[in-house]
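Engineer: Here it is: the structure, laid out below.
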Amino acid sequence: MEQGKFTGAGLETITLGGGCFWCTEAVFVQVRGITDVESGYSNGHVNNPTYEQVCTGATGHNEVVKLVYDPAQISLRAILEIFFVVHDPTTLNRQGNDSGTQYRSGIYYSTPEQKRVAEDMVNALNRDKLFGKPVVTEVLPVSNYSPAEEYHQDFFEKNPNQGYCMAVAGPKVAKFRKTFSEYAKA
C-alpha cells in the first residue's frame, strides 16, 4: 500500500517524527480514531535501513510513526495538536537527551491537503510564538519509508517497566491523557 494514500474505508495515513519512536508510538496508540500505529524510518537515502544504521545518523532517516487514522473520528489538525504538545518542536535534531538527525521533528505528508494543514499549523505556531522559540518541524513529503524491526513495535506496551519507558514514554502518555482526555481511547 502506498504511504499516505487512502487505505480503504475512508482511512488515511500520516507519518510523524517526534523523537524516539517508542515515545511517539506510546502516545498515539492511545488516541481515539487512530486505527494503527507502526514505528519505522523515513526520509533517508538508504533502502530498508536497520536500527543500528539509523542510529549512526548516516542514513538520513528519521525515527517515525506511521499513523492510520479515520478522519471521520479525528482530524489531522487534532492529531497535529497532540503531536506538538507531546514533543519539543523547537529543538533541531534533539528530543531531551536523544540527539541526532534521527530524532528531528517532522511531519511527512502524502497529500496536498495534509501538506496544507501541516504548513498552516507550523506557520501559526511560529506567528503566535506559542513556544517562545521558532518551531523547527520539517514538513516534507514522506519518502523511503520502511517499518522498524519487530522488537520496536509496541515497545512501551511490551516493556512498561524498562527505564527509558518509565522515565520518558510514560510521562508523555500521562501528559496526553491529561491534556487531550477527549481524544483518549477508553
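Labels used: A, B, ... for chains in the order of the C-alpha cells, numbers from 1 for residues in each chain, and numbers from 1 for ligands as shown.
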Would you kindly return, as JSON, numbers by chain, each protein, DNA or RNA residue with an atom no farther than 12 Å from any atom of A:Lys115, considering only C-alpha atoms and excluding same-chain residues fewer than 6 positions away?
Structural biologist: {"A": [4, 14, 15, 76, 77, 80, 106, 107, 108, 109, 121, 122, 123, 138, 139, 140, 141, 142]}
Engineer: With C-alpha atoms retained, write the just-selected residues as a compact mmCIF listing (two decimals), in the first residue's frame.
Structural biologist:
# COMPACT_ATOMS: atom_id res chain seq x y z
CA GLY A 4 -0.44 8.27 2.83
CA ILE A 14 0.32 10.44 8.07
CA THR A 15 3.90 9.90 9.24
CA LEU A 76 -5.41 15.74 11.04
CA ARG A 77 -5.36 19.07 12.85
CA LEU A 80 -1.01 17.51 14.95
CA GLY A 106 8.97 16.14 11.17
CA ILE A 107 5.58 15.85 9.53
CA TYR A 108 5.72 13.68 6.42
CA TYR A 109 2.65 14.10 4.26
CA MET A 121 -0.17 24.85 11.69
CA VAL A 122 3.62 25.36 11.78
CA ASN A 123 3.19 28.88 10.39
CA GLU A 138 10.16 19.96 8.86
CA VAL A 139 7.13 19.47 6.62
CA LEU A 140 8.06 17.24 3.69
CA PRO A 141 6.53 14.53 1.53
CA VAL A 142 7.08 11.09 3.03
Engineer: If you run DSSP over the backbone, which residues in stretch 59-134 of chain A end up helix (DSSP H, G or I)? Put them as a PyMOL selection string.
Structural biologist: chain A and resi 76-86+101-103+112-127
Engineer: Which residue is closest to A:Leu130? Choose from A:Arg94, A:Ala169, A:Asp88, A:Gly100 and count only C-alpha atoms.
Structural biologist: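 Checking each of A:Arg94, A:Ala169, A:Asp88, A:Gly100 against A:Leu130, counting only C-alpha atoms, the winner is A:Asp88.
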Engineer: Can you list, as number ranges by chain, every protein, DNA or RNA residue that comes within 12 Å of A:Cys20 when you count only C-alpha atoms, leaving out same-chain residues fewer than 5 positions away?
Structural biologist: A: 25-27, 39-41, 51, 54-55, 62-65, 86-88, 93-105, 148, 152, 155-156, 164-165, 168-169, 172
Engineer: Atoms to include: C-alpha atoms. Write the selected residues as an mmCIF file, in the first residue's frame.
Structural biologist:
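What landed in result-v8.cif:
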data_model
loop_
_atom_site.group_PDB
_atom_site.id
_atom_site.type_symbol
_atom_site.label_atom_id
_atom_site.label_comp_id
_atom_site.auth_asym_id
_atom_site.auth_seq_id
_atom_site.Cartn_x
_atom_site.Cartn_y
_atom_site.Cartn_z
ATOM 1 C CA GLU A 25 4.040 5.348 19.389
ATOM 2 C CA ALA A 26 3.145 5.032 23.096
ATOM 3 C CA VAL A 27 1.061 8.205 22.842
ATOM 4 C CA SER A 39 7.222 2.534 14.194
ATOM 5 C CA GLY A 40 9.563 2.987 11.260
ATOM 6 C CA TYR A 41 12.159 5.036 9.452
ATOM 7 C CA TYR A 51 18.058 0.464 13.627
ATOM 8 C CA VAL A 54 19.760 4.785 11.538
ATOM 9 C CA CYS A 55 21.353 5.406 14.954
ATOM 10 C CA ASN A 62 14.145 9.879 10.974
ATOM 11 C CA GLU A 63 12.583 7.627 13.612
ATOM 12 C CA VAL A 64 8.878 7.981 12.850
ATOM 13 C CA VAL A 65 5.457 6.563 13.464
ATOM 14 C CA VAL A 86 3.917 15.674 23.372
ATOM 15 C CA HIS A 87 7.319 16.607 21.920
ATOM 16 C CA ASP A 88 9.503 19.707 21.680
ATOM 17 C CA ASN A 93 17.790 17.155 15.879
ATOM 18 C CA ARG A 94 17.120 16.620 19.579
ATOM 19 C CA GLN A 95 14.423 15.448 21.964
ATOM 20 C CA GLY A 96 15.537 15.564 25.579
ATOM 21 C CA ASN A 97 18.743 13.553 25.921
ATOM 22 C CA ASP A 98 18.302 11.941 22.477
ATOM 23 C CA SER A 99 20.294 13.805 19.848
ATOM 24 C CA GLY A 100 20.981 13.249 16.167
ATOM 25 C CA THR A 101 19.150 13.787 12.896
ATOM 26 C CA GLN A 102 17.119 10.630 13.525
ATOM 27 C CA TYR A 103 15.312 12.497 16.335
ATOM 28 C CA ARG A 104 14.282 15.555 14.312
ATOM 29 C CA SER A 105 10.759 16.890 14.419
ATOM 30 C CA ALA A 148 11.245 -0.706 12.116
ATOM 31 C CA HIS A 152 10.461 -1.887 18.253
ATOM 32 C CA PHE A 155 7.689 -1.315 22.662
ATOM 33 C CA PHE A 156 6.128 0.656 25.523
ATOM 34 C CA TYR A 164 13.531 4.703 29.249
ATOM 35 C CA CYS A 165 9.837 3.870 29.070
ATOM 36 C CA VAL A 168 10.335 9.332 29.101
ATOM 37 C CA ALA A 169 7.466 7.487 27.393
ATOM 38 C CA LYS A 172 4.375 11.635 27.603
#
Engineer: Could you jot down the atom CA of A:Trp22 to atom CA of A:Ala167 separation for me, Å, one decimal place?
Structural biologist: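 Distance reported for this atom pair: 12.0 Å.
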Engineer: With only C-alpha atoms as the atoms that count, which of A:Pro147, A:Gly10, A:Pro89, A:Gly18 lies nearest to A:Asn47?
Structural biologist: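 With only C-alpha atoms as the atom set, the closest residue is A:Pro147.
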Engineer: Smallest atom-to-atom distance to A:Glu157: which of A:Glu52, A:Gly44, A:Gly170, A:Asp36, using only C-alpha atoms?
Structural biologist: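 Looking only at the distances to A:Glu157, the closest residue turns out to be A:Gly170.
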Engineer: So which residues touch A:Ala78 within 12 Å, counting only C-alpha atoms, skipping near sequence neighbours fewer than 6 positions away, as a ChimeraX atom specification?
Structural biologist: /A:28,31-34,69-72,84-85,117-118,121,180,182-184
Engineer: At what distance in Å, to one decimal, does atom CA of A:Val29 lie from atom CA of A:Lys175?
Structural biologist: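 Taking atom CA of A:Lys175 as the start and atom CA of A:Val29 as the end point, the length is 14.0 Å.
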Engineer: I need the strand (DSSP E) residues of stretch 22-139 of chain A per DSSP on the backbone, written as a CSV table (one decimal) with C-alpha atoms, in the first residue's frame.
Structural biologist:
chain,number,residue,atom,x,y,z
A,34,ILE,CA,-6.2,6.1,15.1
A,35,THR,CA,-6.6,2.6,13.9
A,36,ASP,CA,-2.9,1.6,13.5
A,37,VAL,CA,0.5,2.8,14.6
A,38,GLU,CA,3.7,1.5,13.2
A,39,SER,CA,7.2,2.5,14.2
A,40,GLY,CA,9.6,3.0,11.3
A,41,TYR,CA,12.2,5.0,9.5
A,42,SER,CA,11.6,7.6,6.7
A,62,ASN,CA,14.1,9.9,11.0
A,63,GLU,CA,12.6,7.6,13.6
A,64,VAL,CA,8.9,8.0,12.9
A,65,VAL,CA,5.5,6.6,13.5
A,66,LYS,CA,3.1,5.9,10.6
A,67,LEU,CA,-0.4,6.6,11.7
A,68,VAL,CA,-3.5,5.2,10.0
A,69,TYR,CA,-6.5,7.3,11.1
A,94,ARG,CA,17.1,16.6,19.6
A,95,GLN,CA,14.4,15.4,22.0
A,98,ASP,CA,18.3,11.9,22.5
A,99,SER,CA,20.3,13.8,19.8
A,105,SER,CA,10.8,16.9,14.4
A,106,GLY,CA,9.0,16.1,11.2
A,107,ILE,CA,5.6,15.9,9.5
A,108,TYR,CA,5.7,13.7,6.4
A,109,TYR,CA,2.7,14.1,4.3
A,138,GLU,CA,10.2,20.0,8.9
A,139,VAL,CA,7.1,19.5,6.6
Engineer: For the atom pair atom CA of A:Thr137 and atom CA of A:Asn159, what is the interatomic distance in Å to one decimal place?
Structural biologist: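 Atom CA of A:Asn159 lies at a distance of 28.7 Å from atom CA of A:Thr137.
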Engineer: Give the answer as one residue: which of A:Thr56, A:Gln30, A:Glu113, A:Ile82 has the shortest atom-to-atom distance to A:Leu16, using only C-alpha atoms?
Structural biologist: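 Under the stated criterion, the closest residue is A:Ile82.
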